[in-house]
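**Student:** My structure is in entry-v9.tsv, and what it holds is TSV, N, CA and C atoms:
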chain	number	residue	atom	x	y	z
A	99	MET	N	-39.38	260.95	127.19
A	99	MET	CA	-38.30	260.72	126.27
A	99	MET	C	-38.31	259.26	125.85
A	100	THR	N	-38.24	259.06	124.55
A	100	THR	CA	-38.21	257.71	124.05
A	100	THR	C	-37.10	257.55	123.05
A	101	SER	N	-36.56	256.39	123.02
A	101	SER	CA	-35.56	256.05	122.03
A	101	SER	C	-36.03	254.78	121.36
A	102	ALA	N	-35.54	254.53	120.18
A	102	ALA	CA	-36.02	253.37	119.44
A	102	ALA	C	-34.86	252.60	118.87
A	103	PRO	N	-35.04	251.28	118.72
A	103	PRO	CA	-34.00	250.55	118.01
A	103	PRO	C	-33.95	251.05	116.57
A	104	ALA	N	-32.77	251.26	116.08
A	104	ALA	CA	-32.61	251.76	114.71
A	104	ALA	C	-32.83	250.66	113.70
A	105	ARG	N	-33.24	251.05	112.51
A	105	ARG	CA	-33.46	250.10	111.43
A	105	ARG	C	-32.17	249.93	110.64
A	106	ARG	N	-31.33	249.04	111.09
A	106	ARG	CA	-30.04	248.80	110.42
A	106	ARG	C	-30.19	247.68	109.41
A	107	GLY	N	-29.51	247.82	108.31
A	107	GLY	CA	-29.50	246.76	107.30
A	107	GLY	C	-30.73	246.74	106.42
A	108	GLU	N	-31.62	247.72	106.58
A	108	GLU	CA	-32.84	247.81	105.76
A	108	GLU	C	-32.96	249.23	105.22
A	109	PRO	N	-33.41	249.38	103.99
A	109	PRO	CA	-33.60	250.73	103.45
A	109	PRO	C	-34.75	251.44	104.17
A	110	VAL	N	-34.60	252.74	104.33
A	110	VAL	CA	-35.65	253.57	104.93
A	110	VAL	C	-35.88	254.75	104.00
A	111	SER	N	-37.11	254.92	103.57
A	111	SER	CA	-37.48	256.07	102.75
A	111	SER	C	-37.66	257.27	103.65
A	112	LEU	N	-36.86	258.32	103.44
A	112	LEU	CA	-36.99	259.51	104.28
A	112	LEU	C	-38.32	260.20	104.03
A	113	SER	N	-38.79	260.21	102.78
A	113	SER	CA	-40.08	260.85	102.51
A	113	SER	C	-41.22	260.09	103.19
A	114	ALA	N	-41.15	258.75	103.17
A	114	ALA	CA	-42.18	257.96	103.87
A	114	ALA	C	-42.09	258.16	105.38
A	115	ALA	N	-40.88	258.27	105.89
A	115	ALA	CA	-40.71	258.51	107.33
A	115	ALA	C	-41.34	259.84	107.71
A	116	LEU	N	-41.14	260.86	106.90
A	116	LEU	CA	-41.66	262.19	107.22
A	116	LEU	C	-43.18	262.28	107.15
A	117	VAL	N	-43.80	261.50	106.28
A	117	VAL	CA	-45.27	261.55	106.21
A	117	VAL	C	-45.92	260.69	107.29
A	118	SER	N	-45.13	259.94	108.04
A	118	SER	CA	-45.69	259.05	109.06
A	118	SER	C	-46.00	259.75	110.38
A	119	PHE	N	-45.66	261.03	110.50
A	119	PHE	CA	-45.96	261.77	111.73
A	119	PHE	C	-46.20	263.24	111.40
A	120	ASP	N	-46.88	263.94	112.31
A	120	ASP	CA	-47.22	265.35	112.11
A	120	ASP	C	-46.57	266.29	113.12
A	121	GLU	N	-46.12	265.78	114.24
A	121	GLU	CA	-45.61	266.62	115.32
A	121	GLU	C	-44.38	267.41	114.86
A	122	LEU	N	-44.33	268.67	115.29
A	122	LEU	CA	-43.20	269.53	114.99
A	122	LEU	C	-42.16	269.45	116.10
A	123	TRP	N	-40.90	269.64	115.71
A	123	TRP	CA	-39.78	269.63	116.65
A	123	TRP	C	-39.78	268.36	117.50
A	124	SER	N	-40.13	267.23	116.90
A	124	SER	CA	-40.23	265.94	117.58
A	124	SER	C	-39.62	264.86	116.69
A	125	PRO	N	-38.28	264.74	116.70
A	125	PRO	CA	-37.60	263.89	115.73
A	125	PRO	C	-37.89	262.40	115.87
A	126	ARG	N	-37.82	261.73	114.73
A	126	ARG	CA	-37.96	260.27	114.64
A	126	ARG	C	-36.61	259.68	114.25
A	127	ILE	N	-36.25	258.59	114.90
A	127	ILE	CA	-34.98	257.92	114.60
A	127	ILE	C	-35.21	256.98	113.42
A	128	VAL	N	-34.50	257.22	112.31
A	128	VAL	CA	-34.68	256.39	111.12
A	128	VAL	C	-33.65	255.27	111.02
A	129	THR	N	-32.48	255.47	111.60
A	129	THR	CA	-31.45	254.43	111.62
A	129	THR	C	-30.35	254.89	112.58
A	130	ALA	N	-29.32	254.08	112.69
A	130	ALA	CA	-28.16	254.43	113.52
A	130	ALA	C	-26.89	254.08	112.76
A	131	VAL	N	-25.85	254.83	113.04
A	131	VAL	CA	-24.52	254.58	112.50
A	131	VAL	C	-23.58	254.53	113.69
A	132	ASN	N	-23.08	253.36	113.99
A	132	ASN	CA	-22.27	253.17	115.18
A	132	ASN	C	-23.05	253.66	116.40
A	133	ASP	N	-22.56	254.66	117.11
A	133	ASP	CA	-23.24	255.15	118.30
A	133	ASP	C	-23.99	256.46	118.04
A	134	TYR	N	-24.37	256.67	116.77
A	134	TYR	CA	-25.07	257.89	116.39
A	134	TYR	C	-26.45	257.57	115.84
A	135	ASP	N	-27.43	258.42	116.18
A	135	ASP	CA	-28.77	258.32	115.61
A	135	ASP	C	-28.85	259.21	114.38
A	136	VAL	N	-29.58	258.73	113.38
A	136	VAL	CA	-29.97	259.54	112.25
A	136	VAL	C	-31.44	259.83	112.46
A	137	ARG	N	-31.78	261.11	112.62
A	137	ARG	CA	-33.14	261.52	112.99
A	137	ARG	C	-33.70	262.45	111.92
A	138	VAL	N	-35.00	262.34	111.68
A	138	VAL	CA	-35.68	263.30	110.81
A	138	VAL	C	-36.72	264.02	111.64
A	139	ALA	N	-36.99	265.27	111.26
A	139	ALA	CA	-37.98	266.06	111.98
A	139	ALA	C	-38.65	267.06	111.04
A	140	LYS	N	-39.88	267.35	111.38
A	140	LYS	CA	-40.60	268.46	110.75
A	140	LYS	C	-40.47	269.63	111.72
A	141	VAL	N	-40.18	270.80	111.20
A	141	VAL	CA	-39.96	271.96	112.07
A	141	VAL	C	-40.68	273.17	111.49
A	142	GLN	N	-41.14	274.02	112.39
A	142	GLN	CA	-41.73	275.30	111.99
A	142	GLN	C	-41.70	276.21	113.20
A	143	GLY	N	-41.44	277.49	112.95
A	143	GLY	CA	-41.29	278.44	114.05
A	143	GLY	C	-39.92	278.29	114.69
A	144	ASP	N	-39.80	278.74	115.93
A	144	ASP	CA	-38.51	278.72	116.63
A	144	ASP	C	-38.38	277.52	117.55
A	145	HIS	N	-37.19	276.98	117.61
A	145	HIS	CA	-36.84	275.96	118.60
A	145	HIS	C	-36.51	276.74	119.88
A	146	VAL	N	-35.53	276.32	120.61
A	146	VAL	CA	-35.13	276.97	121.87
A	146	VAL	C	-33.62	277.20	121.81
A	147	TRP	N	-33.16	278.31	122.39
A	147	TRP	CA	-31.72	278.51	122.52
A	147	TRP	C	-31.17	277.39	123.41
A	148	HIS	N	-30.14	276.70	122.91
A	148	HIS	CA	-29.57	275.60	123.68
A	148	HIS	C	-28.12	275.34	123.29
A	149	VAL	N	-27.46	274.51	124.11
A	149	VAL	CA	-26.06	274.17	123.92
A	149	VAL	C	-25.88	272.68	124.13
A	150	HIS	N	-25.12	272.05	123.24
A	150	HIS	CA	-24.66	270.67	123.44
A	150	HIS	C	-23.20	270.79	123.87
A	151	ASP	N	-22.93	270.49	125.13
A	151	ASP	CA	-21.58	270.68	125.67
A	151	ASP	C	-20.56	269.69	125.13
A	152	HIS	N	-20.99	268.48	124.76
A	152	HIS	CA	-20.03	267.43	124.43
A	152	HIS	C	-20.13	266.89	123.01
A	153	THR	N	-20.97	267.48	122.18
A	153	THR	CA	-21.09	266.95	120.82
A	153	THR	C	-21.46	268.05	119.83
A	154	ASP	N	-20.97	267.90	118.62
A	154	ASP	CA	-21.41	268.75	117.52
A	154	ASP	C	-22.83	268.32	117.14
A	155	GLU	N	-23.53	269.17	116.37
A	155	GLU	CA	-24.86	268.82	115.89
A	155	GLU	C	-24.91	269.07	114.39
A	156	PHE	N	-25.26	268.02	113.62
A	156	PHE	CA	-25.28	268.08	112.16
A	156	PHE	C	-26.71	268.23	111.67
A	157	PHE	N	-26.92	269.16	110.74
A	157	PHE	CA	-28.22	269.39	110.13
A	157	PHE	C	-28.12	269.27	108.61
A	158	LEU	N	-29.11	268.60	108.00
A	158	LEU	CA	-29.28	268.54	106.55
A	158	LEU	C	-30.72	268.95	106.28
A	159	VAL	N	-30.91	269.95	105.42
A	159	VAL	CA	-32.26	270.41	105.11
A	159	VAL	C	-32.79	269.60	103.93
A	160	LEU	N	-33.85	268.84	104.19
A	160	LEU	CA	-34.46	267.99	103.17
A	160	LEU	C	-35.50	268.75	102.35
A	161	GLU	N	-36.26	269.61	103.00
A	161	GLU	CA	-37.30	270.43	102.36
A	161	GLU	C	-37.36	271.76	103.08
A	162	GLY	N	-37.68	272.81	102.35
A	162	GLY	CA	-37.85	274.12	102.97
A	162	GLY	C	-36.54	274.80	103.24
A	163	GLU	N	-36.54	275.67	104.25
A	163	GLU	CA	-35.36	276.45	104.61
A	163	GLU	C	-35.27	276.52	106.13
A	164	LEU	N	-34.07	276.30	106.65
A	164	LEU	CA	-33.80	276.34	108.08
A	164	LEU	C	-32.85	277.49	108.35
A	165	THR	N	-33.10	278.24	109.40
A	165	THR	CA	-32.13	279.23	109.86
A	165	THR	C	-31.61	278.77	111.21
A	166	ILE	N	-30.34	279.04	111.45
A	166	ILE	CA	-29.73	278.70	112.73
A	166	ILE	C	-29.05	279.95	113.26
A	167	ALA	N	-29.57	280.47	114.36
A	167	ALA	CA	-28.94	281.60	115.04
A	167	ALA	C	-27.86	281.04	115.95
A	168	LEU	N	-26.71	281.68	115.94
A	168	LEU	CA	-25.56	281.24	116.74
A	168	LEU	C	-25.10	282.38	117.64
A	169	ARG	N	-24.78	282.05	118.89
A	169	ARG	CA	-24.14	283.00	119.80
A	169	ARG	C	-22.71	282.54	119.98
A	170	GLU	N	-21.79	283.31	119.44
A	170	GLU	CA	-20.37	282.96	119.45
A	170	GLU	C	-19.59	284.03	120.19
A	171	PRO	N	-18.33	283.78	120.51
A	171	PRO	CA	-17.54	284.78	121.24
A	171	PRO	C	-17.50	286.15	120.56
A	172	ASP	N	-17.54	286.18	119.22
A	172	ASP	CA	-17.49	287.45	118.49
A	172	ASP	C	-18.86	288.09	118.33
A	173	GLY	N	-19.91	287.43	118.83
A	173	GLY	CA	-21.25	287.98	118.72
A	173	GLY	C	-22.23	286.98	118.14
A	174	GLU	N	-23.38	287.49	117.80
A	174	GLU	CA	-24.46	286.64	117.29
A	174	GLU	C	-24.50	286.74	115.76
A	175	ARG	N	-24.79	285.61	115.10
A	175	ARG	CA	-24.98	285.60	113.65
A	175	ARG	C	-26.02	284.55	113.29
A	176	THR	N	-26.54	284.64	112.08
A	176	THR	CA	-27.57	283.72	111.64
A	176	THR	C	-27.16	283.08	110.33
A	177	LEU	N	-27.28	281.76	110.27
A	177	LEU	CA	-27.01	281.00	109.05
A	177	LEU	C	-28.33	280.68	108.39
A	178	VAL	N	-28.38	280.74	107.07
A	178	VAL	CA	-29.57	280.37	106.31
A	178	VAL	C	-29.22	279.14	105.49
A	179	LEU	N	-29.98	278.06	105.71
A	179	LEU	CA	-29.74	276.80	105.03
A	179	LEU	C	-30.93	276.46	104.14
A	180	PRO	N	-30.77	276.64	102.81
A	180	PRO	CA	-31.84	276.23	101.90
A	180	PRO	C	-31.83	274.71	101.73
A	181	LYS	N	-32.85	274.19	101.07
A	181	LYS	CA	-32.96	272.76	100.79
A	181	LYS	C	-31.64	272.24	100.21
A	182	GLY	N	-31.19	271.10	100.73
A	182	GLY	CA	-29.96	270.48	100.26
A	182	GLY	C	-28.71	270.94	100.97
A	183	SER	N	-28.82	271.92	101.88
A	183	SER	CA	-27.66	272.43	102.59
A	183	SER	C	-27.41	271.65	103.88
A	184	VAL	N	-26.16	271.63	104.29
A	184	VAL	CA	-25.77	271.01	105.55
A	184	VAL	C	-25.02	272.03	106.39
A	185	CYS	N	-25.03	271.79	107.68
A	185	CYS	CA	-24.29	272.64	108.62
A	185	CYS	C	-24.01	271.82	109.87
A	186	THR	N	-22.82	272.00	110.41
A	186	THR	CA	-22.48	271.40	111.70
A	186	THR	C	-22.28	272.52	112.71
A	187	VAL	N	-23.06	272.50	113.77
A	187	VAL	CA	-22.91	273.46	114.86
A	187	VAL	C	-21.90	272.85	115.83
A	188	PRO	N	-20.78	273.53	116.07
A	188	PRO	CA	-19.76	272.97	116.96
A	188	PRO	C	-20.24	272.85	118.40
A	189	ARG	N	-19.77	271.81	119.07
A	189	ARG	CA	-20.09	271.63	120.49
A	189	ARG	C	-19.77	272.89	121.26
A	190	GLY	N	-20.60	273.16	122.26
A	190	GLY	CA	-20.38	274.32	123.10
A	190	GLY	C	-20.89	275.63	122.52
A	191	THR	N	-21.49	275.59	121.32
A	191	THR	CA	-22.00	276.81	120.69
A	191	THR	C	-23.50	276.93	120.95
A	192	GLU	N	-23.91	278.01	121.58
A	192	GLU	CA	-25.32	278.23	121.82
A	192	GLU	C	-25.99	278.53	120.48
A	193	HIS	N	-27.11	277.87	120.23
A	193	HIS	CA	-27.78	278.02	118.94
A	193	HIS	C	-29.28	277.83	119.07
A	194	ARG	N	-30.01	278.37	118.06
A	194	ARG	CA	-31.46	278.23	118.01
A	194	ARG	C	-31.88	278.04	116.56
A	195	PRO	N	-32.27	276.81	116.20
A	195	PRO	CA	-32.81	276.58	114.86
A	195	PRO	C	-34.21	277.18	114.75
A	196	SER	N	-34.57	277.61	113.55
A	196	SER	CA	-35.93	278.06	113.30
A	196	SER	C	-36.26	277.88	111.82
A	197	ALA	N	-37.54	277.82	111.55
A	197	ALA	CA	-38.03	277.66	110.18
A	197	ALA	C	-39.38	278.37	110.08
A	198	PRO	N	-39.37	279.68	109.80
A	198	PRO	CA	-40.63	280.43	109.77
A	198	PRO	C	-41.68	279.82	108.84
A	199	ALA	N	-41.28	279.32	107.69
A	199	ALA	CA	-42.23	278.76	106.72
A	199	ALA	C	-42.32	277.24	106.81
A	200	GLY	N	-41.56	276.64	107.71
A	200	GLY	CA	-41.57	275.18	107.86
A	200	GLY	C	-40.46	274.53	107.05
A	201	ALA	N	-39.99	273.39	107.53
A	201	ALA	CA	-38.92	272.64	106.87
A	201	ALA	C	-38.93	271.20	107.37
A	202	SER	N	-38.26	270.35	106.62
A	202	SER	CA	-37.99	268.98	107.05
A	202	SER	C	-36.48	268.84	107.10
A	203	ILE	N	-35.98	268.29	108.20
A	203	ILE	CA	-34.53	268.22	108.39
A	203	ILE	C	-34.10	266.82	108.81
A	204	LEU	N	-32.83	266.53	108.60
A	204	LEU	CA	-32.19	265.31	109.07
A	204	LEU	C	-31.07	265.74	110.00
A	205	MET	N	-30.96	265.08	111.15
A	205	MET	CA	-29.91	265.38	112.12
A	205	MET	C	-29.12	264.11	112.41
A	206	PHE	N	-27.86	264.30	112.72
A	206	PHE	CA	-26.95	263.20	113.02
A	206	PHE	C	-26.31	263.53	114.36
A	207	GLU	N	-26.66	262.74	115.39
A	207	GLU	CA	-26.20	263.04	116.75
A	207	GLU	C	-25.92	261.75	117.52
A	208	PRO	N	-25.05	261.79	118.52
A	208	PRO	CA	-24.84	260.61	119.34
A	208	PRO	C	-26.15	260.12	119.96
A	209	THR	N	-26.34	258.83	119.98
A	209	THR	CA	-27.53	258.24	120.59
A	209	THR	C	-27.68	258.77	122.01
A	210	GLY	N	-28.90	259.15	122.36
A	210	GLY	CA	-29.17	259.66	123.70
A	210	GLY	C	-29.05	261.16	123.83
A	211	THR	N	-28.67	261.85	122.75
A	211	THR	CA	-28.55	263.30	122.81
A	211	THR	C	-29.93	263.94	122.91
A	212	LEU	N	-30.11	264.79	123.88
A	212	LEU	CA	-31.38	265.46	124.10
A	212	LEU	C	-31.55	266.61	123.10
A	213	THR	N	-32.73	266.73	122.52
A	213	THR	CA	-32.98	267.75	121.50
A	213	THR	C	-32.80	269.17	122.01
A	214	VAL	N	-32.90	269.38	123.30
A	214	VAL	CA	-32.74	270.72	123.87
A	214	VAL	C	-31.37	270.90	124.51
A	215	GLY	N	-30.46	269.99	124.22
A	215	GLY	CA	-29.08	270.13	124.67
A	215	GLY	C	-28.89	269.90	126.16
A	216	ASP	N	-27.70	270.29	126.61
A	216	ASP	CA	-27.32	270.13	128.01
A	216	ASP	C	-27.72	271.35	128.84
A	217	ARG	N	-27.82	272.49	128.16
A	217	ARG	CA	-28.26	273.73	128.80
A	217	ARG	C	-29.19	274.42	127.83
A	218	HIS	N	-30.29	275.00	128.35
A	218	HIS	CA	-31.27	275.61	127.46
A	218	HIS	C	-32.13	276.60	128.23
A	219	GLU	N	-32.81	277.45	127.46
A	219	GLU	CA	-33.78	278.34	128.08
A	219	GLU	C	-35.05	277.55	128.34
A	220	GLU	N	-36.06	278.21	128.89
A	220	GLU	CA	-37.32	277.53	129.17
A	220	GLU	C	-37.86	276.91	127.88
A	221	ILE	N	-38.34	275.68	127.99
A	221	ILE	CA	-38.81	274.92	126.82
A	221	ILE	C	-40.27	275.24	126.56
A	222	PRO	N	-40.57	275.81	125.38
A	222	PRO	CA	-41.97	276.10	125.05
A	222	PRO	C	-42.75	274.81	124.76
A	223	SER	N	-44.05	274.88	124.81
A	223	SER	CA	-44.87	273.68	124.65
A	223	SER	C	-44.78	273.05	123.26
A	224	HIS	N	-44.38	273.81	122.24
A	224	HIS	CA	-44.30	273.25	120.89
A	224	HIS	C	-42.98	272.52	120.61
A	225	VAL	N	-42.06	272.50	121.58
A	225	VAL	CA	-40.77	271.82	121.41
A	225	VAL	C	-40.78	270.56	122.27
A	226	ASP	N	-40.46	269.42	121.65
A	226	ASP	CA	-40.41	268.14	122.34
A	226	ASP	C	-38.99	267.90	122.85
A	227	ALA	N	-38.80	267.90	124.15
A	227	ALA	CA	-37.50	267.60	124.75
A	227	ALA	C	-37.37	266.08	124.80
A	228	THR	N	-36.66	265.51	123.84
A	228	THR	CA	-36.60	264.06	123.69
A	228	THR	C	-35.23	263.63	123.18
A	229	THR	N	-34.96	262.36	123.27
A	229	THR	CA	-33.77	261.78	122.64
A	229	THR	C	-34.15	261.11	121.33
A	230	GLY	N	-35.36	261.35	120.86
A	230	GLY	CA	-35.84	260.77	119.60
A	230	GLY	C	-36.94	259.76	119.85
A	231	HIS	N	-37.83	259.62	118.89
A	231	HIS	CA	-38.94	258.68	118.98
A	231	HIS	C	-38.82	257.59	117.93
A	232	ALA	N	-39.45	256.47	118.21
A	232	ALA	CA	-39.47	255.37	117.25
A	232	ALA	C	-40.17	255.82	115.98
A	233	LEU	N	-39.69	255.34	114.88
A	233	LEU	CA	-40.34	255.57	113.61
A	233	LEU	C	-41.45	254.52	113.44
A	234	ASP	N	-42.69	254.96	113.28
A	234	ASP	CA	-43.81	254.02	113.16
A	234	ASP	C	-43.77	253.27	111.84
Show the structure stored in the file as structure tokens.

**Tutor:**
Amino acid sequence: MTSAPARRGEPVSLSAALVSFDELWSPRIVTAVNDYDVRVAKVQGDHVWHVHDHTDEFFLVLEGELTIALREPDGERTLVLPKGSVCTVPRGTEHRPSAPAGASILMFEPTGTLTVGDRHEEIPSHVDATTGHALD
């Protein structure tokens, strides 16, 4: 797990940030706002079912389409987020993001938040359990 100092006070091109790495489900920290990281990631296939017990999780789809499966008290449902859509998954909600055709996303989370949450199923090898990586 790595964390990086955020680039505050300087512009960051999200498209340039996204072309600077190839790893899937391995977010890069592009900046910080107060005690929150702004992270970008390339995603494809399924993430892992997980829960953030103490924080909401914000998603913005920059390219492609993201689906988020949710397990809620009334049952399971799936959200479809096309390019330009945002969604906040409430704290304590079990969820699994996926992108069958691939997507680029931006996430807004408290610094130090683990990508696989506080509770999760077994982590597959294609998912990086991290608090974010430095942007090269």

**Student:** Using Å and a single decimal, report how far atom N of A:Thr229 sits from atom CA of A:His193.

**Tutor:**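 Those two atoms sit 17.8 Å apart.
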
**Student:** So which residues are close to (-34.9, 257.0, 109.1), meaning at most 6 Å away in the file's coordinates with only N, CA and C atoms counted, and can you show them as a ChimeraX atom specification?

**Tutor:** /A:110,112,127-129,136,138

**Student:** Any idea what the distance is between atom N of A:Ala115 and atom CA of A:Arg189?

**Tutor:**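 Result for atom N of A:Ala115 versus atom CA of A:Arg189: 28.7 Å, one decimal.
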
**Student:** Using Å and a single decimal, report how far atom CA of A:Asp144 sits from atom CA of A:Leu177.

**Tutor:** 14.0 Å

**Student:** Nearest residue to A:Gly190 out of A:His148, A:Leu212, A:Glu207, A:Arg175, using all atoms listed in the file?

**Tutor:** A:His148

**Student:** Which of these, A:Val146, A:Phe156, A:Pro208, A:Arg217, has the shortest distance to A:Val184 once you count only N, CA and C atoms?

**Tutor:**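 Residue with the minimum atom-to-atom distance to A:Val184: A:Phe156.
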
**Student:** Assign secondary structure with DSSP using the backbone only, and return the residues of chain A in strand (DSSP E) as a PyMOL selection string.

**Tutor:** chain A and resi 126-131+134-144+148-149+155-170+173-180+184-187+192-208+217-218+231-232

**Student:** Would you mind telling me which residue in A:Cys185, A:Ala232, A:Ala114, A:Ala197 lies nearest to A:Leu164 when using only N, CA and C atoms?

**Tutor:**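 Using only N, CA and C atoms, the shortest distance to A:Leu164 belongs to A:Ala197.
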
**Student:** Kindly assemble as a Markdown table a list of the stretch 123-180 of chain A residues that lie within 7 Å of stretch 225-228 of chain A, each paired with its nearest atom pair and their distance in Å to one decimal, using all atoms listed in the file, sorted first by chain and then by ascending residue number.

**Tutor:**
| residue | atom | partner | partner_atom | distance |
| --- | --- | --- | --- | --- |
| A:Trp123 | C | A:Asp226 | N | 4.3 |
| A:Ser124 | N | A:Asp226 | N | 5.2 |
| A:Pro125 | N | A:Asp226 | CA | 6.9 |
| A:His145 | CA | A:Val225 | CA | 6.4 |
| A:Val146 | N | A:Val225 | CA | 7.0 |

**Student:** I'd like to know which of A:Thr186, A:Ser118, A:Ser196, A:Gln142 is closest to A:Ile166, using all atoms listed in the file.

**Tutor:** A:Ser196

**Student:** Nearest to A:Leu160 among A:Val131, A:Val141, A:Val187, A:Ile203, with distances taken over all atoms listed in the file: which residue is it?

**Tutor:** A:Ile203

**Student:** Which of these, A:Gly162, A:Ser113, A:Trp147, A:Glu121, has the shortest distance to A:Glu220 once you count only C-alpha atoms?

**Tutor:**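 Once distances to A:Glu220 are computed over only C-alpha atoms, the minimum belongs to A:Trp147.
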
**Student:** Would you compute the box with edges along x, y and z of the file around stretch 157-170 of chain A, including every atom the file lists for it and 5 Å extra on each side, and give its centre and edge lengths in Å to one decimal, as AutoDock Vina command-line options?

**Tutor:**
--center_x -28.7 --center_y 276.0 --center_z 111.3 --size_x 28.3 --size_y 26.0 --size_z 27.8

**Student:** Residues of chain A classed as helix (DSSP H, G or I) by DSSP on the backbone are to be reported as a PyMOL selection string.

**Tutor:** chain A and resi 112-117
